[in-house]
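First comes the structure, then the notes that go with it.
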Amino acid sequence: MCSICAIADFTSNDKLNPGNLAIMGKTMKHRGPDDSGIYLGKNVIMHHNRLSVMDIAGGKQPMTAFLNDKKYTIVYNGEIYNTDELKTELTGYGAKFSTNCDTEVVLWSYIVWGEDCVSRLNGIFAFAVYDEKEEKLFMARDRFGIKPFFYSVIGSTLLLASEIKALLAHPNIKPKVDKTGLWQLLFLSPVSLNSTTVFRDIYELAPAERAVFDKNGLRINKYWKLTAAPFSDSREAAIYKTKELLLDSVKRQIRSDVPLCEFLSGGLDSSAITAIASKECRENGTKTDTYSFEYEGNKENFKSSLFQPQGDDAYATGLADFLQTNHTVLTAPTEQVAKCLYAAVDARDFPGQADIDSSLLYFCREVKKRHTVALSGECSDEIFGGYPWFYREEMINRDFFPWIHDPFARISLFKADIAVPDDGYRYICEKYREDKATYSLLEDDSDEMRRSRIATNLSVNYFMTSLLERKDRMSMASGVEVRVPFADHRIAEYVYNVPWGIKFEGGVEKALLRNAMADFLPSYITHRKKSPYPKSHNPEYENLVTSMLQGELAKKESLFNDLIDKAKLSEMLSSDGQTWFGQLMAKPQLIAWLLQLAYWLEKYSIVLV
C-alpha cells in the first residue's frame, strides 16, 4: 500500500512545479514509509510513497514501461489478487516483466487493454497512468472504493492525491466549506454524498469510476455496478457457490511478503475470514496471528443494547483457541482513546466517528509493532443483509438514509441561521431520492427482494464506503495495510441476485453466510447475533471528552464557538444520552465528535463560504 499524487496540465505553457508536488507527497509519508519516488514529465509530474508488501526489492514507483516506442508511467496504490492469471495472459500479448510486483501488471494491463483494463482487475486499487504518446492521463479506482482517490481541477490543471491533506498542501487549494459541505458534516458525517467531499473544489473519484484527463479536460464514467439478473440456482447451490467464492477470495488475499494477521472479534464475519485463513496456515504447517480489541473498563461497564447485545472478548478468545491461532487481546486505555481523537481527524481530514476512529488508530499502531498486513471482516453486512434496514420496512421506506435515526440530532446543536437545517434536510433528501432511482431492479422482483436490492445499494454505496474509508485512513496512518476479503466483486455480484428468502432464511440476518460457514465454525459463532465494532462504555471516557470540549468552549475566539448554540449544547450535555447515529454513536461519541469538529475547524483553518 502506498500514496499517490500528481499534477497534470496539457494546455498551459507554464512549467509544472515539482516543489509543490514534493510538498503534497510529504504530507502522506505515513502511507508509504519505506520508499519514495518522483517522475517529472512535460505535461505530468507524479509522486509516490511506498509501503512494501509484495516484491520488497522490486516495484519502485513511479514505474515506466515501453511498447513499440510508446512510453507509459504509473503511480499505483493497491493490491491485485489475480496477478498471476493476468501476468500469464499479458505475456502472450508481448508484455515483458522485470519484477514480481503487481504494479507492473496493472501498468501492462493498461498498455494492452487500454481503459477496459479495470474490468479485468480483481483487487483494491487507485492509480494513474501517463500515456505520453497520446498525451493523456488515465485514472481509476476499485469497485468499492477501498483505496482512496481525490482530485481538484484548477483552471487547466488537474491535481490528484490519495488524501485530501495533500491537495490542501497545494497553494491553489483553500480549505473552503460551503453550505452543502456543512450539511454533509452535520447530517451525514462520516458518510458523504457520491463524488463529493466536505471541501469546495475537492472531489472524489467515486468507487468503480475511471477517468481520462487531456487537452479536452476531464471525463469520468462508471465501469461497474451491481446489476439485477434472474436467479436459477437452488438454495443448496447458492450456499455452495457462496462458500467457494469466499474461500477463493481469502486464499488470494493471504499472500504477503511481510507479516500478516487477522482482526478477530468473534463475530460471524471476522470469524469466517480467520477460519479460512487459519486452515490454510495449518495445512502449510504454520499458525496465523490474530488480534481482538477491547476498551479499558468495558468489562465492568458494558451495557447491552439492540445494536450491541454482547461483548466480544470471550467469543474472540474462545474461537482463537478453537482455530489454534496465536491470539493477542489489545486493550485501549481510556486516555489514549481520547488523545487519539485529534490524530484521527488528521488521518481522515475531517471529523468522522469519534472514538470508533480513534480506538482503531490506536489498535493499528499496536498491530504495526509486529505486522504490516491484516485481514478484516468489513463489508459482509452490506452484501449479505446484516443491518436492520434490510428487513424493517419503516427504515428503508423513509426519505432519508436509514441508519441515521434522528437526522436533526447534530445540526440542531448549531445556530439555525448558519446551519439552515430545513434547507439542508430537503437537499439531502433530494439527493437520496435521486440516487435510489438509479438502482438495478427486476420488474418481477417481490416486495422483499426489491427492498433488499435497495438496501444493498444504499449500504454498499454509502455506509460501506464510509467504513472502508475509516479502515484505510486509520490503518494507513499507522503504516498497516488492511484487506477486506468480503469486498470481492464476484461475491457481491452473485449474492445481489440470491433471493431474499435464502439470505434471510428463518428470519435470521445473513443466513446465507451462516449456512456457507457451517463446516468451518462452531454453532455458537454461526448462530451469534450481529455485534458491531465495540465502543467505550467506560463513564470516565465521557467525563474526559466533556472536559476537553469545555476547554474548546472556553476559547474566546474560535469558529466552533461562532457556530454552536451554547444553550442547546448545554441541554445535550445534561441529557441522559440517547443513541443519535447508527448502531454505535451515543452521547459520549457525540461529545467526542464535537471535540473533533472544533479541532478540525482550527487545525485546518476552515473558511465557511
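Residue numbers start at 1 in each chain; chains themselves are named A, B, ... in the order of the C-alpha cells; ligands are numbered from 1 in the order shown.
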- Message: Excluding segment 401-415 of chain A and its own-chain neighbours fewer than 3 positions away, which residues fall within 8 Å of it when counting only C-alpha atoms? Please give them as a PyMOL selection string.
- Response: chain A and resi 186-188+389+395-396+398+418-419+421+425+432+563-566+568-569+580-583+590
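For the pair atom CA of Ile383 of chain A and atom CA of Pro259 of chain A, the interatomic distance is 28.6 Å.
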- Message: For the strand (DSSP E or B) assignment from backbone DSSP, which residues of segment 332-558 of chain A qualify? Please present them as a PyMOL selection string.
- Response: chain A and resi 332+373-375+414+481-483
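Between atom CA of Phe390 of chain A and atom CA of Glu236 of chain A there is a distance of 22.6 Å.
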- Nearest candidate to Val545 of chain A (options A:Val495, A:Cys340, A:Ala374, A:Ile525; using only C-alpha atoms): A:Cys340
Which residues of segment 350-428 of chain A come within 12 Å of segment 40-53 of chain A, and for each one, what is the closest pair of atoms and their distance in Å to one decimal, counting only C-alpha atoms, sorted by chain and residue number, as a Markdown table?
| residue | atom | partner | partner_atom | distance |
| --- | --- | --- | --- | --- |
| A:His371 | CA | A:Val53 | CA | 10.8 |
| A:Thr372 | CA | A:Val53 | CA | 7.7 |
| A:Val373 | CA | A:Val53 | CA | 7.8 |
| A:Ala374 | CA | A:Val53 | CA | 11.4 |
Using only N, CA, C and O atoms, please write the residues we just selected to a file, as a tab-separated table (two decimals), in the first residue's frame.
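File written: out_33.tsv
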chain	number	residue	atom	x	y	z
A	371	HIS	N	3.10	-6.57	12.76
A	371	HIS	CA	2.52	-6.94	11.48
A	371	HIS	C	2.31	-5.73	10.58
A	371	HIS	O	2.06	-4.62	11.06
A	372	THR	N	2.39	-5.96	9.28
A	372	THR	CA	2.20	-4.90	8.29
A	372	THR	C	0.91	-5.08	7.51
A	372	THR	O	0.36	-4.11	6.99
A	373	VAL	N	0.40	-6.31	7.41
A	373	VAL	CA	-0.82	-6.59	6.66
A	373	VAL	C	-1.81	-7.30	7.58
A	373	VAL	O	-1.43	-8.15	8.39
A	374	ALA	N	-3.10	-6.93	7.46
A	374	ALA	CA	-4.15	-7.57	8.26
A	374	ALA	C	-5.36	-7.84	7.38
A	374	ALA	O	-5.66	-7.08	6.45
- Note on the structure: From atom CA of Lys71 of chain A to atom CA of Glu132 of chain A the spacing works out at 5.7 Å
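Checking A:Lys70, A:Lys339, A:Lys225, A:Lys176 one by one against Thr438 of chain A, counting only C-alpha atoms, you find the shortest gap at A:Lys225.
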Cut-off 12 Å: closest segment 195-252 of chain A/segment 166-172 of chain A atom pairs per residue, using only C-alpha atoms, as a tab-separated table:
residue	atom	partner	partner_atom	distance
A:Phe199	CA	A:Leu168	CA	9.7
A:Arg200	CA	A:Leu168	CA	11.1
A:Asp201	CA	A:Leu167	CA	10.2
A:Ile202	CA	A:Leu167	CA	7.9
A:Tyr203	CA	A:Leu167	CA	10.3
A:Glu204	CA	A:Leu167	CA	11.6
Output N, CA and C atoms for every residue in that selection, as a short mmCIF file (atom, residue, chain, number, x, y, z; two decimals), in the first residue's frame.
data_model
loop_
_atom_site.label_atom_id
_atom_site.label_comp_id
_atom_site.auth_asym_id
_atom_site.auth_seq_id
_atom_site.Cartn_x
_atom_site.Cartn_y
_atom_site.Cartn_z
N PHE A 199 -15.21 19.64 1.33
CA PHE A 199 -14.47 20.82 0.86
C PHE A 199 -14.94 21.25 -0.52
N ARG A 200 -15.10 22.56 -0.69
CA ARG A 200 -15.41 23.08 -2.02
C ARG A 200 -14.19 22.87 -2.93
N ASP A 201 -14.43 22.49 -4.16
CA ASP A 201 -13.42 22.30 -5.21
C ASP A 201 -12.58 21.04 -5.03
N ILE A 202 -12.86 20.23 -4.02
CA ILE A 202 -12.16 18.95 -3.87
C ILE A 202 -13.20 17.85 -4.04
N TYR A 203 -12.93 16.94 -4.97
CA TYR A 203 -13.87 15.88 -5.30
C TYR A 203 -13.22 14.52 -5.11
N GLU A 204 -14.07 13.51 -5.18
CA GLU A 204 -13.60 12.15 -5.03
C GLU A 204 -13.95 11.36 -6.28
#
